[in-house]
$ cat protein_14.txt   # compact mmCIF, C-alpha atoms
# COMPACT_ATOMS: atom_id res chain seq x y z
CA MET A 1 90.26 71.93 -1.98
CA ALA A 2 87.18 72.00 0.17
CA SER A 3 87.79 68.44 1.22
CA ILE A 4 91.34 69.28 2.23
CA GLN A 5 90.12 72.17 4.37
CA THR A 6 87.45 70.00 5.90
CA SER A 7 89.94 67.31 6.79
CA SER A 8 92.35 69.82 8.24
CA LEU A 9 89.65 71.29 10.36
CA LEU A 10 88.65 67.88 11.59
CA SER A 11 92.21 66.99 12.38
CA TYR A 12 92.76 70.28 14.21
CA SER A 13 89.60 69.82 16.22
CA SER A 14 90.52 66.29 17.08
CA LEU A 15 93.96 67.39 18.18
CA SER A 16 92.55 70.19 20.23
CA SER A 17 90.06 67.84 21.81
CA ARG A 18 92.86 65.41 22.62
CA LYS A 19 94.88 68.15 24.18
CA THR A 20 91.94 69.19 26.20
CA ILE A 21 91.34 65.67 27.38
CA ASN A 22 94.98 65.21 28.18
CA ALA A 23 95.01 68.49 30.10
CA ALA A 24 91.95 67.50 32.03
CA ILE A 25 93.52 64.17 32.90
CA HIS A 26 96.85 65.58 34.14
CA VAL A 27 95.48 68.46 36.24
CA PRO A 28 96.20 67.66 39.95
CA LYS A 29 93.22 66.95 42.08
CA LEU A 30 92.07 69.65 44.40
CA PRO A 31 92.01 68.70 48.12
CA ARG A 32 88.62 67.85 49.35
CA VAL A 33 87.30 70.32 51.84
CA ASP A 34 86.38 68.45 54.99
CA VAL A 35 83.51 70.19 56.66
CA SER A 36 83.89 68.80 60.18
CA LEU A 37 80.30 68.89 61.23
CA PRO A 38 80.80 66.28 63.98
CA LYS A 39 83.48 68.47 65.58
CA ILE A 40 81.08 71.38 65.63
CA ARG A 41 78.58 69.17 67.32
CA ILE A 42 81.15 68.05 69.90
CA ILE A 43 82.07 71.64 70.65
CA LYS A 44 78.46 72.51 71.07
CA LYS A 45 78.01 69.60 73.42
CA ALA A 46 81.05 70.70 75.43
CA GLU A 47 79.69 74.19 75.62
CA GLU A 48 76.35 72.85 76.71
CA SER A 49 78.01 70.69 79.36
CA LYS A 50 79.75 73.73 80.97
CA PRO A 51 77.85 75.27 83.90
CA ARG A 52 76.25 78.44 82.81
CA ASP A 53 76.81 81.60 84.83
CA ILE A 54 73.31 82.61 85.66
CA THR A 55 74.45 85.65 87.70
CA PRO A 56 72.68 88.68 86.37
CA LEU A 57 74.84 91.24 84.65
CA SER A 58 73.72 93.93 87.08
CA GLU A 59 74.99 91.88 90.05
CA LYS A 60 78.33 91.31 88.31
CA ASN A 61 78.72 95.00 87.70
CA THR A 62 77.77 95.75 91.31
CA GLN A 63 80.31 93.26 92.66
CA HIS A 64 83.04 94.61 90.38
CA SER A 65 82.30 98.18 91.41
CA THR A 66 82.33 97.16 95.10
CA ASN A 67 85.75 95.53 94.74
CA SER A 68 87.04 98.57 92.86
CA ASP A 69 85.76 100.92 95.58
CA ALA A 70 87.35 98.78 98.30
CA LEU A 71 90.64 98.72 96.37
CA ILE A 72 90.63 102.50 96.00
CA LYS A 73 89.92 102.93 99.73
CA LEU A 74 92.70 100.51 100.66
CA CYS A 75 95.13 102.44 98.47
CA ALA A 76 94.15 105.64 100.27
CA ILE A 77 94.64 103.95 103.66
CA LEU A 78 97.99 102.60 102.48
CA GLU A 79 99.16 106.14 101.68
CA ALA A 80 98.10 107.32 105.15
CA VAL A 81 99.90 104.40 106.80
CA ALA A 82 103.09 105.05 104.80
CA ASP A 83 102.95 108.69 105.88
CA ARG A 84 102.61 107.63 109.53
CA VAL A 85 105.61 105.33 109.22
CA GLU A 86 107.77 108.21 107.98
CA MET A 87 106.35 110.58 110.58
CA HIS A 88 107.02 108.25 113.52
CA ASN A 89 110.54 107.59 112.23
CA ASN A 90 111.31 111.31 112.10
CA ILE A 91 109.78 112.03 115.50
CA GLY A 92 111.63 109.08 117.01
CA GLU A 93 114.94 110.48 115.79
CA GLN A 94 114.02 113.92 117.11
CA ARG A 95 113.18 112.62 120.58
CA ASP A 96 116.32 110.54 120.68
CA ASN A 97 118.22 113.77 120.04
CA TRP A 98 116.27 115.36 122.87
CA ASN A 99 117.49 112.66 125.24
CA THR A 100 121.13 113.10 124.22
CA LEU A 101 121.14 116.90 124.19
CA LEU A 102 119.22 117.33 127.44
CA LEU A 103 121.37 114.75 129.21
CA ASN A 104 124.62 116.41 128.14
CA SER A 105 123.35 119.90 128.87
CA ILE A 106 122.05 119.10 132.35
CA ASN A 107 125.18 117.22 133.31
CA MET A 108 127.39 120.07 132.12
CA ILE A 109 125.31 122.61 134.04
CA THR A 110 125.35 120.47 137.19
CA LEU A 111 129.09 119.81 137.07
CA THR A 112 129.84 123.48 136.33
CA ALA A 113 127.73 124.58 139.30
CA THR A 114 129.46 122.00 141.51
CA THR A 115 132.87 123.29 140.39
CA MET A 116 131.86 126.87 141.18
CA ALA A 117 130.67 125.83 144.62
CA GLY A 118 133.99 124.09 145.23
CA VAL A 119 135.96 127.16 144.16
CA ALA A 120 133.79 129.38 146.34
CA ALA A 121 134.49 127.17 149.34
CA THR A 122 138.21 127.92 149.04
CA CYS A 123 137.82 131.70 148.58
CA GLY A 124 137.77 134.31 151.29
CA ALA A 125 134.83 136.49 152.25
CA ASP A 126 135.02 138.99 149.41
CA ALA A 127 133.17 139.93 146.20
CA PRO A 128 134.24 136.89 144.10
CA LEU A 129 132.72 134.60 146.75
CA LEU A 130 129.28 136.17 146.36
CA ALA A 131 129.45 135.96 142.56
CA LEU A 132 130.42 132.30 142.68
CA LYS A 133 127.67 131.49 145.17
CA LEU A 134 125.01 133.22 143.08
CA SER A 135 126.21 131.63 139.85
CA SER A 136 126.27 128.19 141.44
CA ALA A 137 122.79 128.62 142.89
CA LEU A 138 121.38 129.81 139.55
CA LEU A 139 122.93 126.91 137.65
CA PHE A 140 121.66 124.36 140.17
CA SER A 141 118.18 125.92 139.95
CA ALA A 142 118.26 125.75 136.14
CA ALA A 143 119.36 122.12 136.28
CA THR A 144 116.50 121.36 138.69
CA GLY A 145 113.90 122.85 136.35
CA MET A 146 115.29 121.09 133.29
CA LEU A 147 115.43 117.79 135.16
CA LEU A 148 111.79 118.11 136.21
CA ILE A 149 110.76 118.56 132.59
CA MET A 150 113.03 115.81 131.31
CA ASN A 151 111.90 113.31 133.94
CA LYS A 152 108.28 114.15 133.22
CA ILE A 153 108.42 113.42 129.49
CA GLN A 154 111.09 110.67 129.61
CA PRO A 155 112.68 111.19 126.15
CA SER A 156 114.14 107.68 126.00
CA GLN A 157 110.69 106.21 126.61
CA LEU A 158 109.19 108.51 123.98
CA THR A 159 111.80 107.31 121.50
CA GLU A 160 110.95 103.67 122.18
CA GLU A 161 107.25 104.43 121.71
CA GLN A 162 107.96 105.88 118.27
CA ARG A 163 110.10 102.89 117.32
CA ASN A 164 107.29 100.53 118.22
CA ALA A 165 104.73 102.66 116.41
CA SER A 166 106.86 102.74 113.27
CA ARG A 167 107.35 98.96 113.38
CA LEU A 168 103.66 98.22 113.87
CA PHE A 169 102.62 100.64 111.12
CA ARG A 170 105.11 98.94 108.79
CA ASN A 171 103.50 95.59 109.61
CA LEU A 172 100.09 97.04 108.80
CA GLN A 173 101.47 98.50 105.59
CA SER A 174 102.76 95.08 104.51
CA GLU A 175 99.40 93.45 105.26
CA ILE A 176 97.51 96.06 103.23
CA GLU A 177 99.92 95.65 100.33
CA SER A 178 99.39 91.87 100.43
CA THR A 179 95.61 92.32 100.43
CA ILE A 180 95.82 94.64 97.44
CA ALA A 181 98.14 92.25 95.59
CA LEU A 182 95.72 89.34 96.08
CA GLY A 183 92.97 91.40 94.46
CA ASN A 184 90.10 90.15 96.60
CA SER A 185 89.66 93.18 98.82
CA THR A 186 86.28 93.81 100.41
CA GLU A 187 84.64 96.40 102.62
CA GLU A 188 85.51 94.27 105.65
CA ASP A 189 89.20 94.70 104.81
CA VAL A 190 88.71 98.45 104.60
CA LYS A 191 86.93 98.61 107.97
CA GLY A 192 89.55 96.41 109.59
CA ALA A 193 92.43 98.54 108.27
CA ILE A 194 90.80 101.78 109.46
CA THR A 195 90.13 100.28 112.89
CA ARG A 196 93.74 99.18 113.25
CA VAL A 197 95.06 102.58 112.18
CA LEU A 198 92.90 104.31 114.79
CA ALA A 199 93.94 101.80 117.47
CA LEU A 200 97.63 102.45 116.73
CA ASP A 201 97.10 106.20 116.80
CA LYS A 202 95.50 105.86 120.21
CA ALA A 203 98.20 103.54 121.55
CA PHE A 204 101.10 105.75 120.40
CA PRO A 205 100.01 109.41 120.52
CA LEU A 206 102.28 112.12 119.22
CA PRO A 207 101.32 115.20 121.32
CA LEU A 208 103.14 115.85 124.60
CA LEU A 209 100.63 118.36 125.97
CA GLY A 210 96.90 118.37 126.57
CA GLY A 211 96.79 115.05 128.39
CA ALA A 212 97.37 113.00 125.22
CA MET A 213 100.82 111.76 126.26
CA LEU A 214 101.00 108.30 127.80
CA GLU A 215 101.45 108.23 131.56
CA LYS A 216 105.13 107.63 132.23
CA PHE A 217 104.68 106.69 135.91
CA PRO A 218 101.44 104.69 136.26
CA GLU A 219 100.34 103.20 139.56
CA LYS A 220 101.11 99.67 138.37
CA PHE A 221 102.55 97.97 135.33
CA GLU A 222 100.07 97.48 132.48
CA PRO A 223 100.94 95.88 129.12
CA ALA A 224 100.63 98.06 126.04
CA VAL A 225 97.50 97.57 123.92
CA TRP A 226 97.65 98.54 120.24
CA TRP A 227 95.06 96.24 118.65
CA PRO A 228 91.31 96.89 118.28
CA SER A 229 88.92 95.04 120.53
CA LYS A 230 86.79 92.65 118.51
CA VAL A 231 83.36 91.45 119.57
CA CYS A 232 82.87 87.83 118.63
CA GLU A 233 79.72 87.36 116.65
CA GLY A 234 77.86 84.38 115.38
CA LYS A 235 77.96 82.41 118.60
CA GLY A 236 75.55 79.53 118.62
CA LYS A 237 75.39 75.91 119.60
CA PRO A 238 78.76 74.19 119.68
CA GLN A 239 79.50 72.23 116.55
CA ARG A 240 80.76 68.70 116.47
CA MET A 241 84.43 69.00 115.79
CA GLY A 242 85.58 67.55 112.52
CA LYS A 243 88.39 68.47 110.14
CA THR A 244 86.78 71.72 109.02
CA ASN A 245 88.83 74.63 107.73
CA GLY A 246 91.98 73.11 109.24
CA TRP A 247 90.50 72.96 112.75
CA ASN A 248 89.91 69.98 114.99
CA GLU A 249 89.62 69.33 118.71
CA GLU A 250 93.30 68.46 119.07
CA LEU A 251 94.40 71.77 117.56
CA GLU A 252 92.10 73.74 119.86
CA MET A 253 93.51 71.96 122.92
CA GLU A 254 97.03 72.68 121.65
CA MET A 255 96.33 76.41 121.35
CA ARG A 256 94.81 76.54 124.84
CA GLU A 257 97.82 74.79 126.37
CA VAL A 258 100.27 77.12 124.64
CA ILE A 259 98.44 80.18 125.94
CA GLU A 260 98.40 78.74 129.46
CA VAL A 261 102.17 78.28 129.35
CA VAL A 262 102.64 81.82 128.03
CA LYS A 263 100.48 83.18 130.86
CA ARG A 264 102.36 81.25 133.54
CA LYS A 265 105.84 82.06 132.33
CA ASP A 266 106.29 85.00 129.95
CA SER A 267 103.45 87.28 131.02
CA GLU A 268 104.32 86.95 134.71
CA ASP A 269 108.03 87.50 134.08
CA TYR A 270 107.51 90.66 132.06
CA GLU A 271 105.02 91.97 134.59
CA ARG A 272 107.51 91.42 137.41
CA LEU A 273 110.39 93.02 135.50
CA GLY A 274 108.18 95.88 134.36
CA ASN A 275 107.21 96.69 137.95
CA ILE A 276 110.88 96.68 138.97
CA ALA A 277 111.82 99.04 136.12
CA LEU A 278 108.89 101.30 137.02
CA LYS A 279 109.95 101.56 140.67
CA VAL A 280 113.59 102.24 139.80
CA ASN A 281 112.58 104.90 137.29
CA LYS A 282 110.29 106.59 139.83
CA ILE A 283 113.03 106.68 142.48
CA MET A 284 115.61 108.19 140.13
CA ALA A 285 113.12 110.64 138.59
CA ILE A 286 112.51 112.03 142.10
CA SER A 287 116.12 111.81 143.31
CA GLY A 288 117.71 113.83 140.49
CA PRO A 289 115.74 117.09 140.90
CA LEU A 290 115.76 116.66 144.68
CA LEU A 291 119.56 116.51 144.77
CA THR A 292 120.01 119.52 142.50
CA GLY A 293 117.49 121.45 144.60
CA ILE A 294 119.43 120.62 147.76
CA ALA A 295 122.62 121.71 146.03
CA ALA A 296 121.02 125.02 145.01
CA ALA A 297 119.94 125.67 148.61
CA GLY A 298 123.31 124.58 149.98
CA SER A 299 125.13 127.07 147.75
CA ALA A 300 124.08 129.81 150.19
CA PHE A 301 126.21 128.24 152.95
CA VAL A 302 129.38 127.95 150.90
CA GLY A 303 132.41 129.77 152.37
CA ASN A 304 131.23 129.74 156.01
CA ASP A 305 134.03 127.38 157.09
CA SER A 306 131.56 124.66 158.05
CA TRP A 307 130.57 121.20 156.88
CA LEU A 308 127.58 122.78 155.09
CA SER A 309 129.98 123.82 152.33
CA LEU A 310 130.16 120.15 151.36
CA VAL A 311 126.40 119.89 150.75
CA PRO A 312 126.30 121.45 147.24
CA LEU A 313 129.42 119.55 146.27
CA MET A 314 128.09 116.14 147.32
CA ALA A 315 124.54 116.79 146.13
CA GLY A 316 125.67 118.10 142.74
CA SER A 317 127.97 115.15 142.14
CA LEU A 318 125.28 112.64 143.11
CA ALA A 319 122.74 114.43 140.91
CA ALA A 320 125.02 114.05 137.88
CA VAL A 321 125.48 110.34 138.62
CA VAL A 322 121.75 109.70 139.08
CA ASN A 323 120.86 111.68 135.97
CA SER A 324 123.41 109.80 133.90
CA PHE A 325 122.23 106.43 135.16
CA GLU A 326 118.58 107.23 134.49
CA HIS A 327 118.79 108.81 131.05
CA ALA A 328 122.06 107.44 129.68
CA GLY A 329 120.98 104.01 130.89
CA GLN A 330 117.54 104.71 129.34
CA VAL A 331 115.53 103.21 132.17
CA GLY A 332 112.36 104.66 130.64
CA MET A 333 113.10 102.84 127.40
CA VAL A 334 113.55 99.58 129.31
CA PHE A 335 110.18 100.06 131.00
CA GLU A 336 108.50 100.71 127.64
CA MET A 337 110.21 97.64 126.20
CA TYR A 338 108.69 95.51 128.96
CA ARG A 339 105.27 97.10 128.31
CA THR A 340 105.52 96.23 124.61
CA SER A 341 106.68 92.67 125.29
CA GLY A 342 103.86 92.13 127.77
CA GLY A 343 101.43 93.57 125.23
CA PHE A 344 102.71 91.16 122.60
CA PHE A 345 101.87 88.12 124.74
CA LYS A 346 98.56 89.71 125.70
CA MET A 347 97.78 90.09 122.00
CA LEU A 348 98.54 86.39 121.40
CA GLU A 349 96.23 85.46 124.25
CA THR A 350 93.44 87.69 122.94
CA SER A 351 93.89 86.38 119.40
CA VAL A 352 93.61 82.73 120.44
CA GLU A 353 90.66 83.33 122.73
CA SER A 354 88.69 85.34 120.17
CA THR A 355 89.40 82.73 117.50
CA LEU A 356 88.32 79.80 119.64
CA GLU A 357 85.18 81.63 120.76
CA GLU A 358 84.01 81.78 117.14
CA GLU A 359 81.71 78.76 116.78
CA ASP A 360 81.41 78.97 113.00
CA LEU A 361 84.56 77.19 111.85
CA GLU A 362 84.31 78.57 108.34
CA ARG A 363 84.56 82.11 109.67
CA ARG A 364 87.79 81.36 111.52
CA GLU A 365 91.22 81.73 110.03
CA ASN A 366 92.52 78.46 108.61
CA GLY A 367 93.70 76.28 111.48
CA GLU A 368 96.99 75.14 109.96
CA LEU A 369 97.86 78.70 108.96
CA PHE A 370 96.93 79.97 112.44
CA GLU A 371 99.14 77.32 114.06
CA MET A 372 102.08 78.21 111.81
CA LYS A 373 101.72 81.93 112.60
CA MET A 374 101.57 81.21 116.32
CA ALA A 375 104.71 79.08 116.15
CA LEU A 376 106.63 81.76 114.23
CA LYS A 377 105.57 84.49 116.65
CA LEU A 378 106.89 82.43 119.55
CA GLY A 379 110.13 81.68 117.70
CA ARG A 380 109.43 77.97 117.25
CA SER A 381 108.62 75.47 114.55
CA VAL A 382 105.21 73.83 114.35
CA SER A 383 106.59 70.55 115.72
CA GLN A 384 108.20 72.34 118.68
CA LEU A 385 104.93 74.13 119.40
CA ARG A 386 103.07 70.81 119.44
CA GLU A 387 105.73 69.33 121.70
CA LEU A 388 105.35 72.28 124.07
CA ALA A 389 101.58 71.74 124.28
CA SER A 390 101.90 67.98 124.78
CA LYS A 391 104.46 68.38 127.57
CA SER A 392 102.28 70.95 129.30
CA THR A 393 99.30 68.59 129.14
CA SER A 394 101.25 65.60 130.42
CA TYR A 395 102.71 67.55 133.35
CA ARG A 396 99.32 68.85 134.39
CA MET A 397 97.73 65.41 134.15
CA GLU A 398 100.48 63.86 136.27
CA GLY A 399 99.96 66.51 138.94
CA VAL A 400 103.63 67.41 139.23
CA PHE A 401 103.49 70.69 137.41
CA GLU A 402 106.10 73.10 138.74
CA ILE A 403 105.74 76.51 137.13
CA ASP A 404 109.29 77.79 137.37
CA GLU A 405 111.14 74.56 136.60
CA PHE A 406 108.84 73.45 133.81
CA ALA A 407 108.59 76.82 132.15
CA SER A 408 112.34 77.36 132.33
CA LYS A 409 112.87 74.02 130.57
CA LEU A 410 110.40 74.90 127.83
CA PHE A 411 111.59 78.42 127.23

$ encode --input "protein_14.txt" --output "structure tokens"
Amino acid sequence: MASIQTSSLLSYSSLSSRKTINAAIHVPKLPRVDVSLPKIRIIKKAEESKPRDITPLSEKNTQHSTNSDALIKLCAILEAVADRVEMHNNIGEQRDNWNTLLLNSINMITLTATTMAGVAATCGADAPLLALKLSSALLFSAATGMLLIMNKIQPSQLTEEQRNASRLFRNLQSEIESTIALGNSTEEDVKGAITRVLALDKAFPLPLLGGAMLEKFPEKFEPAVWWPSKVCEGKGKPQRMGKTNGWNEELEMEMREVIEVVKRKDSEDYERLGNIALKVNKIMAISGPLLTGIAAAGSAFVGNDSWLSLVPLMAGSLAAVVNSFEHAGQVGMVFEMYRTSGGFFKMLETSVESTLEEEDLERRENGELFEMKMALKLGRSVSQLRELASKSTSYRMEGVFEIDEFASKLF
């Protein structure tokens, strides 16, 4: 019995050992973990090969804080510029209403006074004649005073000033928004934006009293100036011209030739037309109140059965015509338009000269970008601008340069 138990135990153990062996044999192999030490080494080498930023942390923080301060300041300036755009729009609409309302009111007063003078000339020497004469004289006197004020402030010219101010402030607003979007604003951008805002405020003042209003009848035509004057710094020995920052000698000669053509043609034309508009506006600004004043004085002679009765009638009618031509035709606005156009070409001239005077080419605006901007401002493509400069050069070198004929062909 003991032997049977012993044999059974042996057989059971052998079976269990076989099962264990079989189980060990059929268990799937675990994947070998590949410790990629070489890859770690490669990564380390790549990291070592990268240039290390040795800028101290304090300088990084200082630069970041400087950019943040400049960005905050630019946002504040942007809000002020947006407010000025809205303000100039509203004031421009208000002064345009002034022009319409004053024109209609003065013409109605003048024509009513003229009608009264005509009726008085047909009446006899009784009480209604005196009433008509006094009423006509008072209305002509009121029209004279209102015309003096209206011709002094020139509402149509004031409206054009506000339109130009609003447009230029919108341009500045777009430039500030672009600078903020690029995210590389500096203190120089802040100073430049403030300077331009102050220059525009000076060029287009809002007050009408206290001597702040622009002179509406200057001695001679002067182009408008709305940009800050920049002093060119960093002048030194001339550099040898290579292809640096988009600039070369050929591009500089091209810019000089374009500005010479603009001076000979556009600037002179707008100066001539501006002087004509100024003279016409002066004549009509004096003639209107003078005629209504004569009509007011002539009202005293109405009803005397003489040719003097025609004086208030003729003077009043002519005053209405002159007033309508001056303010309905907006001669003051035309004069301001010529001032702005002349100022635009003056700004181009100043921009090119100040850029070319900068000897450090890296401090200039990129030459190709500057050329493209110049072409767009003159309403041309870059190829047409180059053709304009080459033709100007060839005409001058041949010695057959005729200003009027050549400029009229180019423009």

$ residues_around --input "protein_14.txt" --residues "Met146 (chain A)" --least-positions-apart "6" --cutoff "9 Å" --atoms "only C-alpha atoms" --output "PyMOL selection string"
chain A and resi 102+106+289

$ write_last_selection --input "protein_14.txt" --atoms "C-alpha atoms" --output "CSV table (one decimal), keeping the file's coordinate frame"
chain,number,residue,atom,x,y,z
A,102,LEU,CA,119.2,117.3,127.4
A,106,ILE,CA,122.0,119.1,132.4
A,289,PRO,CA,115.7,117.1,140.9

$ atom_distance --input "protein_14.txt" --atom1 "CA of Val280 (chain A)" --atom2 "CA of Met314 (chain A)"
21.4 Å

$ closest_residue --input "protein_14.txt" --among "A:Leu251, A:Val302, A:Lys279, A:Met347" --to "Met372 (chain A)" --atoms "all atoms listed in the file"
A:Leu251

$ residues_around --input "protein_14.txt" --residues "region 71-88 of chain A" --least-positions-apart "2" --cutoff "6 Å" --atoms "all atoms listed in the file" --output "list of chain:residue names"
A:Ser68, A:Asp69, A:Asn90, A:Ile91, A:Gly92, A:Gln162, A:Ser166, A:Phe169, A:Val190

$ atom_distance --input "protein_14.txt" --atom1 "CA of Asn67 (chain A)" --atom2 "CA of Glu188 (chain A)"
11.0 Å

$ atom_distance --input "protein_14.txt" --atom1 "CA of Met253 (chain A)" --atom2 "CA of Ser267 (chain A)"
20.0 Å

$ closest_residue --input "protein_14.txt" --among "A:Ile153, A:Val225, A:Leu134, A:Ser105" --to "Phe345 (chain A)" --atoms "all atoms listed in the file"
A:Val225
